Each structure stands twice: as C-alpha cells, then as structure tokens.
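For reference, final22.cif (mmCIF, C-alpha atoms):
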```cif
data_start
#
loop_
_atom_site.label_atom_id
_atom_site.label_comp_id
_atom_site.auth_asym_id
_atom_site.auth_seq_id
_atom_site.Cartn_x
_atom_site.Cartn_y
_atom_site.Cartn_z
CA MET A 25 -92.18 -15.71 82.58
CA ASN A 26 -94.00 -18.40 84.58
CA GLU A 27 -91.32 -18.11 87.28
CA PHE A 28 -92.02 -14.38 87.53
CA VAL A 29 -95.75 -14.97 87.95
CA PHE A 30 -95.02 -17.59 90.60
CA ALA A 31 -92.74 -15.13 92.41
CA ARG A 32 -95.46 -12.47 92.35
CA VAL A 33 -98.03 -14.94 93.69
CA LEU A 34 -95.68 -15.92 96.53
CA HIS A 35 -94.97 -12.24 97.18
CA VAL A 36 -98.64 -11.28 97.46
CA LEU A 37 -99.59 -14.34 99.52
CA GLY A 38 -96.70 -13.65 101.87
CA ILE A 39 -97.80 -10.05 102.32
CA VAL A 40 -101.41 -11.09 102.93
CA LEU A 41 -100.35 -13.52 105.68
CA TRP A 42 -97.77 -11.18 107.21
CA ILE A 43 -99.60 -7.83 107.17
CA GLY A 44 -102.96 -9.52 107.68
CA GLY A 45 -101.55 -11.09 110.83
CA VAL A 46 -100.23 -7.74 112.03
CA ALA A 47 -103.68 -6.22 111.37
CA MET A 48 -105.39 -9.02 113.32
CA VAL A 49 -103.09 -8.59 116.31
CA THR A 50 -103.36 -4.80 116.23
CA THR A 51 -107.08 -4.30 115.59
CA VAL A 52 -108.59 -7.37 117.27
CA LEU A 53 -106.27 -8.91 119.84
CA PHE A 54 -104.89 -5.75 121.45
CA PRO A 55 -108.40 -4.41 122.19
CA ILE A 56 -109.32 -7.80 123.70
CA MET A 57 -106.15 -7.76 125.81
CA ALA A 58 -106.85 -4.20 126.94
CA LYS A 59 -110.04 -5.45 128.61
CA MET A 60 -108.26 -8.19 130.54
CA LYS A 61 -108.21 -7.56 134.25
CA SER A 62 -104.62 -8.43 135.10
CA ALA A 63 -101.30 -7.61 133.50
CA THR A 64 -100.23 -11.21 134.05
CA GLU A 65 -103.21 -12.50 132.07
CA ARG A 66 -102.48 -9.99 129.28
CA THR A 67 -98.79 -10.91 129.17
CA GLU A 68 -99.48 -14.65 129.06
CA PHE A 69 -102.12 -14.24 126.34
CA PHE A 70 -99.80 -12.07 124.23
CA SER A 71 -96.96 -14.56 124.67
CA HIS A 72 -99.15 -17.38 123.38
CA ILE A 73 -100.17 -15.33 120.35
CA GLU A 74 -96.64 -14.15 119.69
CA ASN A 75 -95.23 -17.69 119.94
CA ARG A 76 -97.70 -18.86 117.30
CA PHE A 77 -97.48 -15.88 114.96
CA ALA A 78 -93.75 -15.05 115.06
CA PRO A 79 -92.65 -18.16 113.08
CA GLN A 80 -95.33 -17.49 110.43
CA ALA A 81 -94.24 -13.85 110.23
CA ARG A 82 -90.57 -14.83 109.91
CA TRP A 83 -91.26 -17.30 107.08
CA THR A 84 -93.52 -14.94 105.20
CA ILE A 85 -91.03 -12.08 105.55
CA LEU A 86 -88.32 -14.29 104.07
CA ILE A 87 -90.60 -15.29 101.19
CA VAL A 88 -91.60 -11.67 100.56
CA GLY A 89 -87.97 -10.52 100.60
CA LEU A 90 -86.69 -13.25 98.31
CA SER A 91 -89.57 -12.96 95.85
CA GLY A 92 -89.31 -9.15 95.82
CA PHE A 93 -85.58 -9.26 95.14
CA TYR A 94 -86.16 -11.83 92.40
CA MET A 95 -88.82 -9.69 90.69
CA VAL A 96 -86.67 -6.54 90.78
CA HIS A 97 -83.77 -8.55 89.37
CA VAL A 98 -85.80 -10.18 86.57
CA LEU A 99 -87.38 -6.86 85.59
CA ASP A 100 -84.00 -5.12 85.94
CA ALA A 101 -85.95 -2.48 87.87
CA TRP A 102 -83.07 -1.25 90.03
CA HIS A 103 -83.34 2.19 88.41
CA ARG A 104 -86.71 2.65 90.13
CA PHE A 105 -84.86 3.18 93.38
CA THR A 106 -83.37 6.37 91.92
CA GLU A 107 -86.73 7.95 91.01
CA PHE A 108 -89.07 9.52 93.57
CA ARG A 109 -92.17 8.57 91.59
CA PHE A 110 -91.44 4.97 92.62
CA TRP A 111 -91.50 5.94 96.33
CA TRP A 112 -93.48 2.81 97.10
CA MET A 113 -90.49 0.64 96.12
CA HIS A 114 -88.46 2.39 98.81
CA ALA A 115 -91.36 2.05 101.24
CA MET A 116 -91.65 -1.71 100.56
CA VAL A 117 -87.96 -2.20 101.26
CA ALA A 118 -88.12 0.01 104.37
CA VAL A 119 -91.14 -1.78 105.86
CA TRP A 120 -89.64 -5.15 105.03
CA LEU A 121 -86.34 -4.12 106.61
CA ILE A 122 -88.02 -2.80 109.78
CA PHE A 123 -89.98 -6.02 110.28
CA THR A 124 -86.97 -8.18 109.39
CA LEU A 125 -84.80 -6.41 111.95
CA MET A 126 -87.57 -6.53 114.56
CA LEU A 127 -88.36 -10.23 114.12
CA PHE A 128 -84.86 -11.59 113.57
CA ILE A 129 -82.66 -9.30 115.68
CA VAL A 130 -84.38 -6.81 117.99
CA GLU A 131 -87.18 -9.00 119.36
CA PRO A 132 -85.13 -12.14 120.10
CA LEU A 133 -81.95 -10.39 121.26
CA VAL A 134 -83.20 -7.20 122.93
CA PHE A 135 -86.97 -7.12 123.51
CA ARG A 136 -87.24 -10.48 125.23
CA ARG A 137 -84.95 -9.31 128.02
CA GLN A 138 -86.34 -5.79 128.17
CA LYS A 139 -89.95 -6.93 127.89
CA ALA A 140 -89.68 -9.08 131.02
CA LYS A 141 -88.13 -6.24 133.04
CA MET A 142 -90.58 -3.62 131.76
CA SER A 143 -93.58 -5.89 132.25
CA GLN A 144 -92.60 -6.38 135.88
CA ARG A 145 -91.88 -2.68 136.53
CA ASP A 146 -94.79 -1.09 134.68
CA PRO A 147 -97.04 -3.56 132.83
CA ALA A 148 -99.48 -0.86 131.66
CA LYS A 149 -96.64 1.13 130.08
CA ALA A 150 -95.21 -2.01 128.43
CA PHE A 151 -98.62 -2.87 127.00
CA ALA A 152 -99.22 0.69 125.75
CA LEU A 153 -95.79 0.72 124.08
CA ALA A 154 -96.41 -2.61 122.33
CA GLN A 155 -99.84 -1.45 121.18
CA ARG A 156 -98.47 1.88 119.90
CA MET A 157 -95.66 0.14 118.01
CA HIS A 158 -98.14 -2.24 116.36
CA TRP A 159 -100.36 0.67 115.25
CA ILE A 160 -97.39 2.55 113.80
CA LEU A 161 -96.09 -0.51 111.95
CA LEU A 162 -99.56 -1.43 110.68
CA SER A 163 -100.14 2.13 109.45
CA LEU A 164 -96.80 2.21 107.62
CA SER A 165 -97.56 -1.19 106.13
CA LEU A 166 -101.01 -0.22 104.87
CA VAL A 167 -99.75 3.02 103.30
CA THR A 168 -97.01 0.98 101.63
CA VAL A 169 -99.42 -1.68 100.34
CA ALA A 170 -101.78 1.00 98.99
CA GLY A 171 -98.88 2.83 97.33
CA ALA A 172 -97.47 -0.38 95.85
CA VAL A 173 -100.80 -1.45 94.39
CA ALA A 174 -101.50 2.00 92.97
CA GLY A 175 -97.94 2.49 91.70
CA SER A 176 -97.63 -0.95 90.12
CA HIS A 177 -100.85 -0.22 88.22
CA GLY A 178 -99.59 3.08 86.82
CA TRP A 179 -100.80 5.64 89.35
CA MET A 180 -97.69 7.78 89.83
CA LEU A 181 -97.10 10.97 91.76
CA GLN A 182 -97.20 14.08 89.58
CA GLY A 183 -93.90 15.43 88.40
CA GLY A 184 -92.33 11.98 88.32
#
```
Output the file's structure as structure tokens, nothing else.
Amino acid sequence: MNEFVFARVLHVLGIVLWIGGVAMVTTVLFPIMAKMKSATERTEFFSHIENRFAPQARWTILIVGLSGFYMVHVLDAWHRFTEFRFWWMHAMVAVWLIFTLMLFIVEPLVFRRQKAKMSQRDPAKAFALAQRMHWILLSLSLVTVAGAVAGSHGWMLQGG
C-alpha cells in the first residue's frame, strides 16, 4: 500500500499547488491588476503571470488526474460514481476536466486568439470576464475540495 500512500501524497500536493495558484491569482493578483491605470499594463502583467503559472498548472493537473485515476483503480471505487452520496467524486472529475480542457485545449487554441481581439476592442470587458471566470472556477474548486475532504472522512449526505 506504499504506492497508494505515495499517490495520495502526490494528489494532495498537486491540488495544493494547482488550486492554491488559482486562489492566489483570483484573490490577490486580480485586485492588484484592477488598480492598474492602463489596460496595456494590466494585459502585460497578466501575461507574465499566466506564462509562469500555466506550465505549473498543467503539470499539477496531470499529476492530480493520474494519481486520482490510480487511487480509484486500486480501491476499485468505480461504484462510487453510481451513488449520489459520493457527489464529491463527480465534482472532482468535473473540476479536473474543466481545468484540463481550459489549459490544454481552450486557452491555447481559442482564448489566445480571442483574448487579443477582445483586449483590443474592450479591455475592461475582457478583464471583467477573466476575473469572473476565475472566481467561478475557484468557487467550484473550493466546494469540491471541501466536499472531498468531508466525504473521504465519512461525512456523507443524508439518504445516501
């Protein structure tokens, strides 16, 4: 079972780095950027942050996905996906899938092109959209983390 413990450690560390980074960007950096005087300054600053954080987020998302799949496989816990009381398992997969699609497909293939056009047309709207998306994703992530911790320690929804 040492491999399982190692997988869980990697899983939790990956989540701390990934969701912690999202929290830092959302709760600290966006408010700082909101006070910047020019849209150009804001866009450049965000690009620098994004260029540094995106690779870390991609690696940690891969680690979280692989370790999560491994743990479900070792525990033969696939049946949990058929029971509502394990809603947090579905939420973990959903949040992971959203971020995976965003970081590996949507952002590099769609957002980069659209972001440049939108930032030129209406930089305030582009910034507000990015900020709103980060708050939504952070909120979903935190609800999921809370549910996963509570659920994995036996706190189940009633009736389940």
Subject >> Hits from the PyMOL selection byres ((chain A and resi 121-135) around 10), listed as a ChimeraX atom specification >> reply: /A:42,78-79,81-82,85-86,89,115-120,136-142,161,165
With only C-alpha atoms counted and 7 Å as the cut-off, give the residues of region 53-134 of chain A in contact with region 34-37 of chain A, each with its shortest interatomic distance in Å and the pair that gives it, as JSON lines.
```
{"residue": "A:Ile87", "atom": "CA", "partner": "A:His35", "partner_atom": "CA", "distance": 6.7}
{"residue": "A:Val88", "atom": "CA", "partner": "A:His35", "partner_atom": "CA", "distance": 4.8}
{"residue": "A:Ser91", "atom": "CA", "partner": "A:His35", "partner_atom": "CA", "distance": 5.6}
{"residue": "A:Gly92", "atom": "CA", "partner": "A:His35", "partner_atom": "CA", "distance": 6.6}
```
Original post:
Hey, what's within 9 Å of Val169 (chain A) if we count only C-alpha atoms and toss same-chain stuff fewer than 2 positions away? As an NGL selection string, please?
Top reply: :A and (39 or 112 or 115-116 or 164-167 or 171-174)
Original post:
Which distance in Å separates CA of His158 (chain A) and CA of Thr50 (chain A), to one decimal?
Top reply: 5.8 Å
Subject >> Selection under test: the PyMOL selection byres ((chain A and resi 151) around 10); residues as a list in words >> reply: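 Residues picked by the PyMOL selection byres ((chain A and resi 151) around 10): Phe54, Met57, Ala58, Ala63, Arg66, Thr67, Phe70, Lys139, Met142, Ser143, Asp146, Pro147, Ala148, Lys149, Ala150, Ala152, Leu153, Ala154, Gln155, Arg156 and Met157 of chain A.
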**OP:** Quick one: pull the distance between CA of Val49 (chain A) and CA of Ile160 (chain A), Å, one decimal.
**Re:** 12.8 Å
**OP:** Would you mind reading off the distance between CA of Val96 (chain A) and CA of Thr84 (chain A), one decimal, in Å?
**Re:**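 Result for CA of Val96 (chain A) versus CA of Thr84 (chain A): 18.0 Å, one decimal.
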Original post:
Hey, which of A:Ala31, A:Gln80, A:Tyr94, A:His103 ends up closest to Gly44 (chain A)? Count only C-alpha atoms.
Top reply: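 Going through A:Ala31, A:Gln80, A:Tyr94, A:His103 one by one, the smallest distance to Gly44 (chain A) is for A:Gln80.
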Subject >> Within 10 Å of Glu27 (chain A) using all atoms listed in the file, minus same-chain residues under 6 positions, as a ChimeraX atom specification >> reply: /A:33,94-95,98
